[in-house]
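Colleague: First, the structure itself, so that you have it in front of you.
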Amino acid sequence: MTARTEILRTRNPSWGFYGTVRHHADPDEAWAEAMRRVVEVTAFSPEAVRDFLDSRRGRHFADEVNGFLFRGLDLDEAIEAAIERWMEWRTGRRRGHEDNTPAGTPFLVAELAPFEFEIFRDALSANDEHVA
């Protein structure tokens with residue numbers, strides 16, 4: 001039995017993943033499937049995945065999905081292929097020096113991590129304010 005992933009709405013309908021994929025697929029359908037699959041594959045929070053998809057990095061991920069759509073894959077297959085590619089790519093030593101990502105980290109994980117860290121930092125800050 002798998003848990004149901006909460007599908008958060010985009011906060012950036014003009015740009016990011018949603019704005020980029022809308023030219024080649026139904027953006028609501030693509031958004032929901034990308035949210036669901038990225039959360040399942042990476043185990044990051046829906047909030048972090050939403051923020052990633054809404055970002056410049058999400059636009060690049062949509063470019064990858066669009067490339068697979070152009071090759072004739074259906075939407076679910078294109079999203080899965082993009083996820084597989086980004087999970088197969090690994091970070092190198094240089095990136096580790098830039099943002100403390102260990103060399104060999106799957107690229108999709110490395111791209112999502114800053115968004116999860118930001119949510120965690122914000123939660124800590126909010127907790128500190130309530131304690132004071």
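We label chains A, B, ... in the order they appear in the structure tokens, count residues from 1 in each chain, and number ligands from 1 in the order shown.
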Leaving out A:Phe117 and any residue of its chain fewer than 2 positions from it, which residues lie within 12 Å of it when counting only C-alpha atoms, given as JSON, numbers by chain?
Modeller: {"A": [44, 45, 47, 48, 49, 51, 52, 109, 110, 111, 112, 113, 114, 115, 119, 120, 121, 122, 123, 124]}
Colleague: Quick one: everything within 8 Å of stretch 14-26 of chain A, counting only C-alpha atoms, minus sequence neighbours fewer than 2 positions away in the same chain. Send it as a PDB file with N, CA and C atoms, in the first residue's frame.
Modeller:
ATOM      1  N   THR A  10       0.570  24.986  -8.347  1.00  0.00           N
ATOM      2  CA  THR A  10       1.695  25.846  -8.681  1.00  0.00           C
ATOM      3  C   THR A  10       1.471  27.250  -8.135  1.00  0.00           C
ATOM      4  N   ASN A  12       3.456  29.501  -9.648  1.00  0.00           N
ATOM      5  CA  ASN A  12       4.127  30.166 -10.756  1.00  0.00           C
ATOM      6  C   ASN A  12       3.583  29.637 -12.083  1.00  0.00           C
ATOM      7  N   ASP A  28      -2.059  21.077 -16.100  1.00  0.00           N
ATOM      8  CA  ASP A  28      -2.591  20.557 -14.840  1.00  0.00           C
ATOM      9  C   ASP A  28      -2.278  19.066 -14.696  1.00  0.00           C
ATOM     10  N   GLU A  29      -2.473  18.326 -15.776  1.00  0.00           N
ATOM     11  CA  GLU A  29      -2.176  16.890 -15.765  1.00  0.00           C
ATOM     12  C   GLU A  29      -0.675  16.650 -15.572  1.00  0.00           C
ATOM     13  N   ALA A  30       0.142  17.407 -16.305  1.00  0.00           N
ATOM     14  CA  ALA A  30       1.593  17.249 -16.199  1.00  0.00           C
ATOM     15  C   ALA A  30       2.072  17.615 -14.799  1.00  0.00           C
ATOM     16  N   TRP A  31       1.549  18.699 -14.257  1.00  0.00           N
ATOM     17  CA  TRP A  31       1.943  19.142 -12.920  1.00  0.00           C
ATOM     18  C   TRP A  31       1.632  18.061 -11.893  1.00  0.00           C
ATOM     19  N   LEU A  53       9.624  22.682  -8.760  1.00  0.00           N
ATOM     20  CA  LEU A  53       8.942  22.748 -10.055  1.00  0.00           C
ATOM     21  C   LEU A  53       8.618  24.185 -10.445  1.00  0.00           C
ATOM     22  N   ASP A  54       8.361  25.032  -9.480  1.00  0.00           N
ATOM     23  CA  ASP A  54       8.052  26.441  -9.763  1.00  0.00           C
ATOM     24  C   ASP A  54       9.292  27.269 -10.110  1.00  0.00           C
ATOM     25  N   SER A  55      10.452  26.721  -9.913  1.00  0.00           N
ATOM     26  CA  SER A  55      11.695  27.475 -10.069  1.00  0.00           C
ATOM     27  C   SER A  55      12.279  27.363 -11.485  1.00  0.00           C
ATOM     28  N   ARG A  56      13.392  28.054 -11.661  1.00  0.00           N
ATOM     29  CA  ARG A  56      14.164  27.949 -12.911  1.00  0.00           C
ATOM     30  C   ARG A  56      14.573  26.500 -13.139  1.00  0.00           C
ATOM     31  N   ARG A  57      14.914  25.794 -12.075  1.00  0.00           N
ATOM     32  CA  ARG A  57      15.292  24.382 -12.189  1.00  0.00           C
ATOM     33  C   ARG A  57      14.116  23.546 -12.675  1.00  0.00           C
ATOM     34  N   GLY A  58      12.916  23.892 -12.226  1.00  0.00           N
ATOM     35  CA  GLY A  58      11.715  23.201 -12.702  1.00  0.00           C
ATOM     36  C   GLY A  58      11.468  23.434 -14.181  1.00  0.00           C
ATOM     37  N   ARG A  59      11.821  24.637 -14.659  1.00  0.00           N
ATOM     38  CA  ARG A  59      11.702  24.918 -16.090  1.00  0.00           C
ATOM     39  C   ARG A  59      12.632  23.999 -16.877  1.00  0.00           C
ATOM     40  N   HIS A  60      13.835  23.800 -16.372  1.00  0.00           N
ATOM     41  CA  HIS A  60      14.768  22.897 -17.050  1.00  0.00           C
ATOM     42  C   HIS A  60      14.260  21.456 -17.030  1.00  0.00           C
ATOM     43  N   PHE A  61      13.635  21.071 -15.927  1.00  0.00           N
ATOM     44  CA  PHE A  61      13.044  19.734 -15.853  1.00  0.00           C
ATOM     45  C   PHE A  61      11.915  19.603 -16.878  1.00  0.00           C
ATOM     46  N   ALA A  62      11.104  20.646 -17.031  1.00  0.00           N
ATOM     47  CA  ALA A  62      10.034  20.637 -18.035  1.00  0.00           C
ATOM     48  C   ALA A  62      10.618  20.549 -19.447  1.00  0.00           C
ATOM     49  N   ASP A  63      11.740  21.211 -19.680  1.00  0.00           N
ATOM     50  CA  ASP A  63      12.403  21.093 -20.984  1.00  0.00           C
ATOM     51  C   ASP A  63      12.747  19.635 -21.273  1.00  0.00           C
ATOM     52  N   VAL A  65      11.191  16.969 -20.011  1.00  0.00           N
ATOM     53  CA  VAL A  65       9.920  16.287 -20.291  1.00  0.00           C
ATOM     54  C   VAL A  65       9.477  16.587 -21.714  1.00  0.00           C
ATOM     55  N   ASN A  66       9.537  17.850 -22.107  1.00  0.00           N
ATOM     56  CA  ASN A  66       9.129  18.226 -23.464  1.00  0.00           C
ATOM     57  C   ASN A  66       9.962  17.497 -24.517  1.00  0.00           C
ATOM     58  N   LEU A  69       8.528  14.173 -24.905  1.00  0.00           N
ATOM     59  CA  LEU A  69       7.249  14.265 -25.614  1.00  0.00           C
ATOM     60  C   LEU A  69       7.479  14.376 -27.120  1.00  0.00           C
ATOM     61  N   LEU A  75       2.644  11.456 -21.952  1.00  0.00           N
ATOM     62  CA  LEU A  75       3.013  12.327 -20.847  1.00  0.00           C
ATOM     63  C   LEU A  75       3.597  11.566 -19.660  1.00  0.00           C
TER      64      LEU A  75
END
Colleague: When distances are computed from only C-alpha atoms, which of A:Glu77, A:Arg90, A:Thr42, A:Arg37 shows the smallest separation from A:Thr105?
Modeller: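 Result for the nearest residue to A:Thr105: A:Arg90.
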Colleague: Restricting the calculation to only C-alpha atoms: of A:Glu80, A:Val39, A:Trp86, A:Arg50, which residue gets closest to A:Leu8?
Modeller: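 So, comparing all the options, the nearest one is A:Arg50.
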Colleague: Using only C-alpha atoms for the distances, tell me which of A:Ile7, A:Ala43, A:Leu108, A:Ala32 is nearest to A:Met87.
Modeller: A:Leu108
Colleague: Which of stretch 12-98 of chain A counts as alpha helix (DSSP H) under DSSP, as JSON, numbers by chain please?
Modeller: {"A": [16, 17, 18, 19, 20, 21, 27, 28, 29, 30, 31, 32, 33, 34, 35, 36, 37, 38, 39, 40, 41, 42, 46, 47, 48, 49, 50, 51, 52, 53, 54, 56, 57, 58, 59, 60, 61, 62, 63, 64, 65, 66, 67, 68, 69, 70, 75, 76, 77, 78, 79, 80, 81, 82, 83, 84, 85, 86, 87, 88, 93, 94, 95, 96, 97, 98]}
Colleague: Could the residues in this selection be saved with C-alpha atoms as a tab-separated table (two decimals), in the first residue's frame?
Modeller:
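Output (again-v6.tsv):
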chain	number	residue	atom	x	y	z
A	16	GLY	CA	8.80	27.14	-14.07
A	17	PHE	CA	7.61	23.63	-14.92
A	18	TYR	CA	3.95	24.57	-15.35
A	19	GLY	CA	4.56	27.50	-17.68
A	20	THR	CA	7.06	25.56	-19.78
A	21	VAL	CA	5.18	22.29	-20.14
A	27	PRO	CA	-0.24	21.67	-17.63
A	28	ASP	CA	-2.59	20.56	-14.84
A	29	GLU	CA	-2.18	16.89	-15.76
A	30	ALA	CA	1.59	17.25	-16.20
A	31	TRP	CA	1.94	19.14	-12.92
A	32	ALA	CA	0.00	16.53	-10.94
A	33	GLU	CA	1.95	13.62	-12.42
A	34	ALA	CA	5.33	15.34	-11.97
A	35	MET	CA	4.50	16.23	-8.35
A	36	ARG	CA	3.35	12.70	-7.57
A	37	ARG	CA	6.29	10.92	-9.20
A	38	VAL	CA	9.04	13.25	-7.96
A	39	VAL	CA	7.75	12.99	-4.38
A	40	GLU	CA	7.57	9.19	-4.68
A	41	VAL	CA	11.03	8.80	-6.20
A	42	THR	CA	12.92	11.28	-4.01
A	46	PRO	CA	5.36	18.08	-1.56
A	47	GLU	CA	6.26	21.66	-0.58
A	48	ALA	CA	9.89	21.21	-1.66
A	49	VAL	CA	8.83	19.54	-4.92
A	50	ARG	CA	6.36	22.35	-5.63
A	51	ASP	CA	9.03	24.98	-5.01
A	52	PHE	CA	11.48	23.09	-7.23
A	53	LEU	CA	8.94	22.75	-10.05
A	54	ASP	CA	8.05	26.44	-9.76
A	56	ARG	CA	14.16	27.95	-12.91
A	57	ARG	CA	15.29	24.38	-12.19
A	58	GLY	CA	11.71	23.20	-12.70
A	59	ARG	CA	11.70	24.92	-16.09
A	60	HIS	CA	14.77	22.90	-17.05
A	61	PHE	CA	13.04	19.73	-15.85
A	62	ALA	CA	10.03	20.64	-18.03
A	63	ASP	CA	12.40	21.09	-20.98
A	64	GLU	CA	13.53	17.51	-20.40
A	65	VAL	CA	9.92	16.29	-20.29
A	66	ASN	CA	9.13	18.23	-23.46
A	67	GLY	CA	12.11	16.61	-25.20
A	68	PHE	CA	10.70	13.17	-24.44
A	69	LEU	CA	7.25	14.27	-25.61
A	70	PHE	CA	8.81	15.31	-28.94
A	75	LEU	CA	3.01	12.33	-20.85
A	76	ASP	CA	3.44	9.74	-18.07
A	77	GLU	CA	6.29	8.07	-19.96
A	78	ALA	CA	7.97	11.43	-20.65
A	79	ILE	CA	7.85	12.42	-16.98
A	80	GLU	CA	9.17	9.02	-15.94
A	81	ALA	CA	11.99	9.20	-18.51
A	82	ALA	CA	12.98	12.68	-17.31
A	83	ILE	CA	13.02	11.51	-13.70
A	84	GLU	CA	15.11	8.47	-14.62
A	85	ARG	CA	17.61	10.62	-16.52
A	86	TRP	CA	17.94	13.15	-13.67
A	87	MET	CA	18.35	10.31	-11.16
A	88	GLU	CA	21.02	8.64	-13.32
A	93	ARG	CA	33.32	17.11	-6.94
A	94	ARG	CA	33.04	20.72	-8.15
A	95	ARG	CA	29.38	20.96	-7.22
A	96	GLY	CA	30.22	19.56	-3.80
A	97	HIS	CA	32.62	22.43	-3.27
A	98	GLU	CA	29.97	24.94	-4.37
